[in-house]
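S.K.: So that you have it, the file is coords15.cif, and it contains mmCIF, C-alpha atoms:
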data_final
#
loop_
_atom_site.label_atom_id
_atom_site.label_comp_id
_atom_site.auth_asym_id
_atom_site.auth_seq_id
_atom_site.Cartn_x
_atom_site.Cartn_y
_atom_site.Cartn_z
CA PRO A 1 22.47 -29.35 33.28
CA TYR A 2 25.91 -29.01 31.66
CA VAL A 3 24.48 -29.05 28.12
CA TYR A 4 20.89 -27.79 28.16
CA GLY A 5 19.12 -25.35 30.41
CA PHE A 6 16.17 -22.98 30.64
CA ASN A 7 16.24 -19.28 31.44
CA LYS A 8 12.94 -17.52 32.07
CA VAL A 9 12.78 -14.38 29.93
CA GLY A 10 9.08 -13.45 30.25
CA ALA A 11 5.78 -14.12 32.01
CA ASN A 12 2.14 -14.23 30.84
CA CYS A 13 3.29 -14.18 27.23
CA GLY A 14 2.52 -17.72 26.07
CA VAL A 15 1.48 -18.67 22.54
CA ALA A 16 -2.16 -18.96 21.47
CA SER A 17 -1.37 -22.22 19.65
CA ARG A 18 1.63 -24.27 18.52
CA GLY A 19 1.55 -22.76 15.02
CA VAL A 20 1.48 -19.02 15.69
CA VAL A 21 5.22 -18.33 16.05
CA ALA A 22 6.92 -16.65 13.08
CA GLU A 23 10.61 -16.07 12.48
CA THR A 24 11.75 -12.68 11.16
CA PRO A 25 15.09 -10.86 10.81
CA GLU A 26 14.11 -8.96 13.98
CA GLY A 27 13.55 -12.18 15.95
CA ALA A 28 10.60 -14.38 16.84
CA ILE A 29 7.08 -12.88 16.83
CA TRP A 30 3.94 -14.68 18.03
CA MET A 31 0.27 -14.28 18.88
CA GLY A 32 -0.76 -14.71 22.49
CA LEU A 33 -4.26 -14.80 23.95
CA GLN A 34 -4.31 -11.10 24.80
CA SER A 35 -1.45 -9.52 22.85
CA PHE A 36 1.33 -10.01 20.32
CA TRP A 37 4.89 -10.61 21.50
CA SER A 38 8.45 -10.54 20.19
CA TYR A 39 11.77 -11.93 21.32
CA SER A 40 15.11 -11.01 19.80
CA GLY A 41 17.37 -11.87 22.71
CA GLY A 42 17.26 -10.56 26.24
CA SER A 43 13.59 -10.32 27.21
CA VAL A 44 10.12 -10.75 25.71
CA GLU A 45 8.41 -7.52 24.65
CA ALA A 46 4.78 -6.75 23.84
CA ILE A 47 4.21 -5.37 20.34
CA PRO A 48 1.98 -2.26 20.19
CA CYS A 49 -1.09 -3.29 18.17
CA ASP A 50 -3.74 -0.91 16.82
CA VAL A 51 -6.23 -3.73 16.19
CA SER A 52 -5.85 -5.80 19.37
CA ASP A 53 -9.42 -5.09 20.53
CA TYR A 54 -10.81 -6.29 17.20
CA VAL A 55 -8.75 -9.49 17.30
CA PHE A 56 -8.84 -10.60 20.92
CA THR A 57 -12.43 -9.66 21.84
CA ASP A 58 -13.89 -11.66 18.94
CA MET A 59 -11.96 -14.93 18.96
CA ASN A 60 -13.13 -18.51 19.46
CA ARG A 61 -10.78 -19.58 22.23
CA ASN A 62 -12.17 -23.12 22.22
CA GLN A 63 -10.82 -23.52 18.66
CA ILE A 64 -7.77 -21.27 18.90
CA THR A 65 -5.43 -24.27 18.56
CA LYS A 66 -6.25 -24.11 14.83
CA ALA A 67 -4.66 -20.65 14.51
CA PHE A 68 -1.39 -20.43 12.62
CA SER A 69 1.07 -17.90 11.24
CA VAL A 70 2.77 -17.65 7.86
CA ASN A 71 5.46 -15.29 6.64
CA ASN A 72 4.97 -13.14 3.55
CA ALA A 73 8.56 -12.17 2.77
CA MET A 74 7.54 -10.31 -0.39
CA HIS A 75 6.07 -7.55 1.79
CA ASP A 76 7.88 -8.08 5.13
CA GLU A 77 4.64 -9.28 6.70
CA ILE A 78 3.41 -11.96 9.08
CA TRP A 79 -0.16 -13.22 8.67
CA TRP A 80 -2.08 -14.96 11.45
CA PHE A 81 -5.26 -16.86 10.60
CA TYR A 82 -7.65 -17.59 13.48
CA PRO A 83 -11.34 -18.44 14.15
CA SER A 84 -13.72 -15.65 15.10
CA GLU A 85 -16.12 -16.20 17.98
CA ALA A 86 -18.91 -17.26 15.60
CA SER A 87 -16.77 -19.81 13.72
CA ASN A 88 -15.19 -23.17 14.49
CA GLU A 89 -12.67 -22.76 11.67
CA ASN A 90 -10.17 -20.06 10.73
CA ASP A 91 -12.15 -17.30 9.03
CA ARG A 92 -10.18 -14.14 9.85
CA TYR A 93 -6.64 -12.86 9.59
CA VAL A 94 -4.50 -10.18 11.14
CA SER A 95 -1.23 -9.18 9.48
CA TYR A 96 1.76 -7.22 10.74
CA ASN A 97 4.42 -5.49 8.68
CA HIS A 98 7.46 -5.94 10.91
CA ARG A 99 9.51 -3.43 8.89
CA GLU A 100 7.01 -0.56 8.71
CA LYS A 101 5.24 -1.47 11.99
CA HIS A 102 1.63 -1.34 10.80
CA TRP A 103 -1.32 -3.74 11.05
CA ALA A 104 -4.16 -4.93 8.81
CA ILE A 105 -7.23 -7.11 9.41
CA GLY A 106 -9.64 -8.99 7.18
CA GLU A 107 -11.84 -12.03 6.62
CA LEU A 108 -10.31 -15.00 4.81
CA ALA A 109 -10.65 -18.73 5.45
CA ARG A 110 -7.28 -20.50 5.39
CA THR A 111 -6.15 -23.60 7.27
CA ALA A 112 -2.43 -23.74 6.46
CA GLY A 113 0.16 -21.84 4.44
CA ILE A 114 3.76 -21.59 3.37
CA ASP A 115 5.87 -18.65 2.26
CA ARG A 116 7.22 -18.35 -1.28
CA GLY A 117 9.98 -20.75 -2.19
CA VAL A 118 10.37 -22.95 -5.24
CA MET A 119 6.80 -21.97 -6.23
CA GLY A 120 7.70 -18.29 -6.37
CA TYR A 121 4.59 -17.15 -4.45
CA PRO A 122 3.03 -17.92 -1.05
CA VAL A 123 0.62 -20.88 -1.13
CA TYR A 124 -2.27 -21.10 1.35
CA LEU A 125 -4.80 -23.90 1.81
CA ALA A 126 -8.54 -23.27 2.19
CA PRO A 127 -11.18 -25.36 4.04
CA ASP A 128 -12.53 -26.58 0.68
CA SER A 129 -9.19 -28.41 0.14
CA LEU A 130 -8.08 -26.00 -2.60
CA ALA A 131 -4.59 -24.49 -2.64
CA TYR A 132 -4.37 -20.81 -3.56
CA ARG A 133 -1.34 -18.96 -4.87
CA HIS A 134 -1.34 -15.57 -3.17
CA GLU A 135 0.20 -12.24 -4.22
CA SER A 136 -0.32 -13.22 -7.86
CA GLY A 137 -2.90 -12.02 -10.36
CA LEU A 138 -6.06 -9.97 -9.88
CA ASN A 139 -8.72 -12.59 -9.21
CA TYR A 140 -10.62 -11.25 -6.19
CA GLY A 141 -13.39 -13.84 -6.39
CA GLY A 142 -16.07 -11.14 -6.47
CA ALA A 143 -14.88 -9.56 -3.21
CA ASP A 144 -14.79 -5.82 -2.68
CA VAL A 145 -11.17 -4.66 -2.51
CA TYR A 146 -10.62 -1.60 -0.34
CA ALA A 147 -8.38 0.05 2.22
CA GLU A 148 -9.84 1.97 5.14
CA SER A 149 -8.25 4.05 7.88
CA GLY A 150 -9.29 4.32 11.49
CA PRO A 151 -10.87 7.53 12.82
CA ILE A 152 -8.54 10.54 12.54
CA THR A 153 -9.04 13.65 14.67
CA LEU A 154 -7.86 16.67 12.69
CA GLY A 155 -8.93 19.66 14.79
CA GLY A 156 -8.99 18.43 18.37
CA SER A 157 -12.23 19.77 19.87
CA MET A 158 -12.84 21.92 16.78
CA VAL A 159 -15.05 20.97 13.83
CA VAL A 160 -13.18 21.00 10.53
CA THR A 161 -14.27 21.10 6.90
CA ALA A 162 -12.19 19.40 4.21
CA THR A 163 -12.52 21.03 0.80
CA GLU A 164 -9.81 19.48 -1.35
CA LEU A 165 -8.10 16.10 -1.73
CA LEU A 166 -4.76 15.60 -3.45
CA PRO A 167 -4.72 11.89 -4.32
CA ASP A 168 -1.62 9.74 -4.46
CA GLU A 169 -2.32 6.83 -6.80
CA LYS A 170 -0.10 4.62 -8.86
CA THR A 171 -2.50 5.20 -11.80
CA GLN A 172 -5.10 7.93 -11.49
CA GLY A 173 -8.64 6.63 -11.81
CA ASP A 174 -8.01 3.20 -10.31
CA VAL A 175 -9.80 4.04 -7.04
CA THR A 176 -12.58 6.14 -5.54
CA ALA A 177 -12.45 7.80 -2.11
CA THR A 178 -15.20 7.90 0.52
CA PHE A 179 -15.09 9.93 3.74
CA LYS A 180 -16.97 8.97 6.92
CA THR A 181 -17.24 11.55 9.69
CA ARG A 182 -18.61 12.00 13.21
CA LEU A 183 -19.00 15.10 15.36
CA HIS A 184 -18.13 13.04 18.46
CA PRO A 185 -17.04 9.39 19.00
CA ASN A 186 -20.56 8.08 19.80
CA GLY A 187 -22.32 10.30 17.29
CA THR A 188 -24.05 9.31 14.07
CA GLU A 189 -21.66 8.65 11.22
CA THR A 190 -22.13 10.60 7.99
CA THR A 191 -20.82 9.38 4.64
CA PHE A 192 -19.49 11.66 1.89
CA GLY A 193 -18.71 10.26 -1.54
CA PRO A 194 -17.54 8.19 -3.25
CA TYR A 195 -15.40 10.74 -5.09
CA THR A 196 -13.81 10.01 -8.45
CA MET A 197 -10.17 11.00 -8.37
CA SER A 198 -8.76 14.01 -10.17
CA ALA A 199 -5.76 16.17 -9.34
CA PRO A 200 -6.93 17.93 -7.21
CA THR A 201 -10.33 16.53 -6.20
CA SER A 202 -12.99 18.91 -4.87
CA ILE A 203 -14.74 17.53 -1.76
CA ARG A 204 -17.01 18.86 0.98
CA VAL A 205 -16.56 16.94 4.24
CA THR A 206 -17.32 18.15 7.79
CA GLY A 207 -16.67 16.56 11.19
CA ARG A 208 -14.32 16.16 14.13
CA GLN A 209 -13.36 12.59 13.34
CA ILE A 210 -12.77 11.50 9.74
CA ARG A 211 -12.21 8.05 8.26
CA LEU A 212 -11.05 7.54 4.68
CA ARG A 213 -11.99 4.50 2.60
CA VAL A 214 -10.41 3.82 -0.79
CA ASP A 215 -12.18 1.34 -3.11
CA GLY A 216 -10.78 -0.26 -6.23
CA ASP A 217 -12.80 1.21 -9.10
CA ARG A 218 -11.57 -1.23 -11.73
CA LEU A 219 -9.73 -4.52 -12.00
CA ALA A 220 -6.13 -3.37 -11.70
CA ASP A 221 -3.06 -3.60 -9.48
CA TRP A 222 -3.92 -0.32 -7.81
CA ARG A 223 -1.75 1.38 -5.23
CA TRP A 224 -2.62 4.18 -2.83
CA GLY A 225 0.13 6.26 -1.24
CA ILE A 226 0.01 9.31 1.05
CA PRO A 227 -2.81 11.71 0.08
CA ARG A 228 -3.09 15.34 1.18
CA VAL A 229 -6.31 16.95 2.43
CA LEU A 230 -6.98 20.69 2.70
CA VAL A 231 -8.96 21.40 5.91
CA GLN A 232 -10.26 24.54 7.62
CA GLN A 233 -11.31 24.93 11.25
CA ARG A 234 -14.90 26.07 11.77
CA GLY A 235 -15.56 26.16 15.52
CA ARG A 236 -16.73 23.94 18.34
CA ARG A 237 -20.27 23.32 16.97
#
Once you've parsed the file, please lay out its structure as structure tokens.

M.R.:
Amino acid sequence: PYVYGFNKVGANCGVASRGVVAETPEGAIWMGLQSFWSYSGGSVEAIPCDVSDYVFTDMNRNQITKAFSVNNAMHDEIWWFYPSEASNENDRYVSYNHREKHWAIGELARTAGIDRGVMGYPVYLAPDSLAYRHESGLNYGGADVYAESGPITLGGSMVVTATELLPDEKTQGDVTATFKTRLHPNGTETTFGPYTMSAPTSIRVTGRQIRLRVDGDRLADWRWGIPRVLVQQRGRR
């Protein structure tokens, strides 16, 4: 007792598995069974997560001991790989940018990983026993590469019409934009596009809730920044 001791700093905040704790400049961050947590001295705090329902309601808890985390220092991110409810192996990931405080989700089978070091890039292992160098090159393996937002309410209870998009690309023409709208949360979703980018881009999109999807239109290191959309309120119907 004069050398080592334990001080309780949190409750109901245990780890999902032994491998899900990541070290960052802000402290330790880990995946629990219902939430994500952080500790930087003092007390444990829950991390607000926009995708927690997606992650924790579709997770194979009988195989969750296979979940693990890996740092991606190139982009200030932590990636957690875990098994979905329909899989006995890790087939999904959730990542968190601990500097910008945003989340991303996806499907990718990885069983172990290590951050960049002497190899220069992160290296992750797949179930087929192959080692992949990540964050390098443009080989997508035939996968569709896209970024998609959640539903955005622009006019409150009012219906809005978007008529113009000002894109923000690294190189114009690398991506196309598709809008998906609903008049109410449980309503039928309507798709507009895809639109080929120009500056500005003429669009015609109507709804209360709008989601934006950006797809890579060619094999390139494309980047998408902060676009601007011109909208007009129409009414309640």

S.K.: Which residues come within 12 Å of range 214-225 of chain A, counting only C-alpha atoms, excluding same-chain residues fewer than 2 positions away, as an MDAnalysis selection string?

M.R.: chainID A and resid 135:149 166:180 193:197 211:212 227:228

S.K.: Given only C-alpha atoms as the basis, pick out the residue of A:Arg213, A:Arg61, A:Arg110, A:Arg208 nearest to Ala86 in chain A.

M.R.: A:Arg61

S.K.: Work out how far CA of Asp58 in chain A is from CA of Trp37 in chain A, in Å to one decimal.

M.R.: 19.0 Å

S.K.: Separation of CA of Lys66 in chain A and CA of Ala109 in chain A, in Å?

M.R.: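 Result for CA of Lys66 in chain A versus CA of Ala109 in chain A: 11.7 Å, one decimal.
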
S.K.: Find the residues near Ile105 in chain A: any atom within 12 Å, counting all atoms listed in the file, skip ones fewer than 4 places away on the same chain, and give them as a list in words.

M.R.: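 Selected residues are Cys49, Asp50, Val51, Ser52, Asp53, Tyr54, Val55, Ile78, Trp79, Trp80, Phe81, Tyr82, Asp91, Arg92, Tyr93, Val94, Ser95, Tyr96, Asn97, Tyr146, Ala147, Glu148, Ser149 and Gly150 of chain A.
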
S.K.: Once the PyMOL selection byres ((chain A and resi 117-125) around 12) has been evaluated on this model, what residues remain selected, and can you format them as JSON, numbers by chain?

M.R.: {"A": [68, 69, 70, 71, 72, 73, 74, 75, 77, 78, 79, 80, 81, 90, 108, 109, 110, 111, 112, 113, 114, 115, 116, 126, 127, 128, 129, 130, 131, 132, 133, 134, 135, 136, 137]}

S.K.: Could you please give me, as an NGL selection string, the residues of protein, DNA or RNA lying at most 12 Å from (-19.4, 21.6, 13.0) in the coordinate frame of the file, considering all atoms listed in the file?

M.R.: :A and (155 or 157-162 or 181-184 or 205-209 or 232-237)

S.K.: Could you tell me how far CA of Thr190 in chain A lies from CA of Arg204 in chain A, in Å and to one decimal?

M.R.: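 Pair CA of Thr190 in chain A / CA of Arg204 in chain A returns 12.0 Å.
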
S.K.: I need the residue set behind the PyMOL selection byres ((chain A and resi 229) around 6) for this file; please write it as a VMD selection string.

M.R.: chain A and resid 164 to 165 228 230

S.K.: Determine, counting only C-alpha atoms, which protein, DNA and RNA residues have an atom within 8 Å of an atom of Tyr39 in chain A; residues of the same chain fewer than 6 positions away are not included. Present the result as a list of chain:residue names.

M.R.: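 These residues fall inside the cut-off: A:Gly27, A:Ala28, A:Ile29, A:Glu45.
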
S.K.: With C-alpha atoms retained, write the just-selected residues as a short mmCIF file (atom, residue, chain, number, x, y, z; two decimals), in the frame of the given file.

M.R.:
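Contents of part37.cif, as written:
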data_model
loop_
_atom_site.label_atom_id
_atom_site.label_comp_id
_atom_site.auth_asym_id
_atom_site.auth_seq_id
_atom_site.Cartn_x
_atom_site.Cartn_y
_atom_site.Cartn_z
CA GLY A 27 13.55 -12.18 15.95
CA ALA A 28 10.60 -14.38 16.84
CA ILE A 29 7.08 -12.88 16.83
CA GLU A 45 8.41 -7.52 24.65
#

S.K.: Edge lengths and centre in Å to one decimal, as JSON, is what I'm after for the box along x, y and z that holds all listed atoms of range 114-132 of chain A once 5 Å is added on each side.

M.R.:
{"center_x": -1.1, "center_y": -22.8, "center_z": -1.2, "size_x": 32.9, "size_y": 21.3, "size_z": 20.4}

S.K.: Find the residue from A:Ile226, A:Met31, A:Ala22, A:Val9 that sits nearest to Phe56 in chain A; use only C-alpha atoms when measuring.

M.R.: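 Looking only at the distances to Phe56 in chain A, the closest residue turns out to be A:Met31.
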
S.K.: Check what the PyMOL selection byres ((chain A and resi 85) around 9) selects in the file above and give those residues as a VMD selection string.

M.R.: chain A and resid 57 to 61 83 to 84 86 to 88

S.K.: Compare A:Asn12, A:Thr65, A:Asn7, A:Asn186 by their minimum atom-to-atom distance to Gln34 in chain A, counting only C-alpha atoms, and give me the closest one.

M.R.: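 Result for the nearest residue to Gln34 in chain A: A:Asn12.
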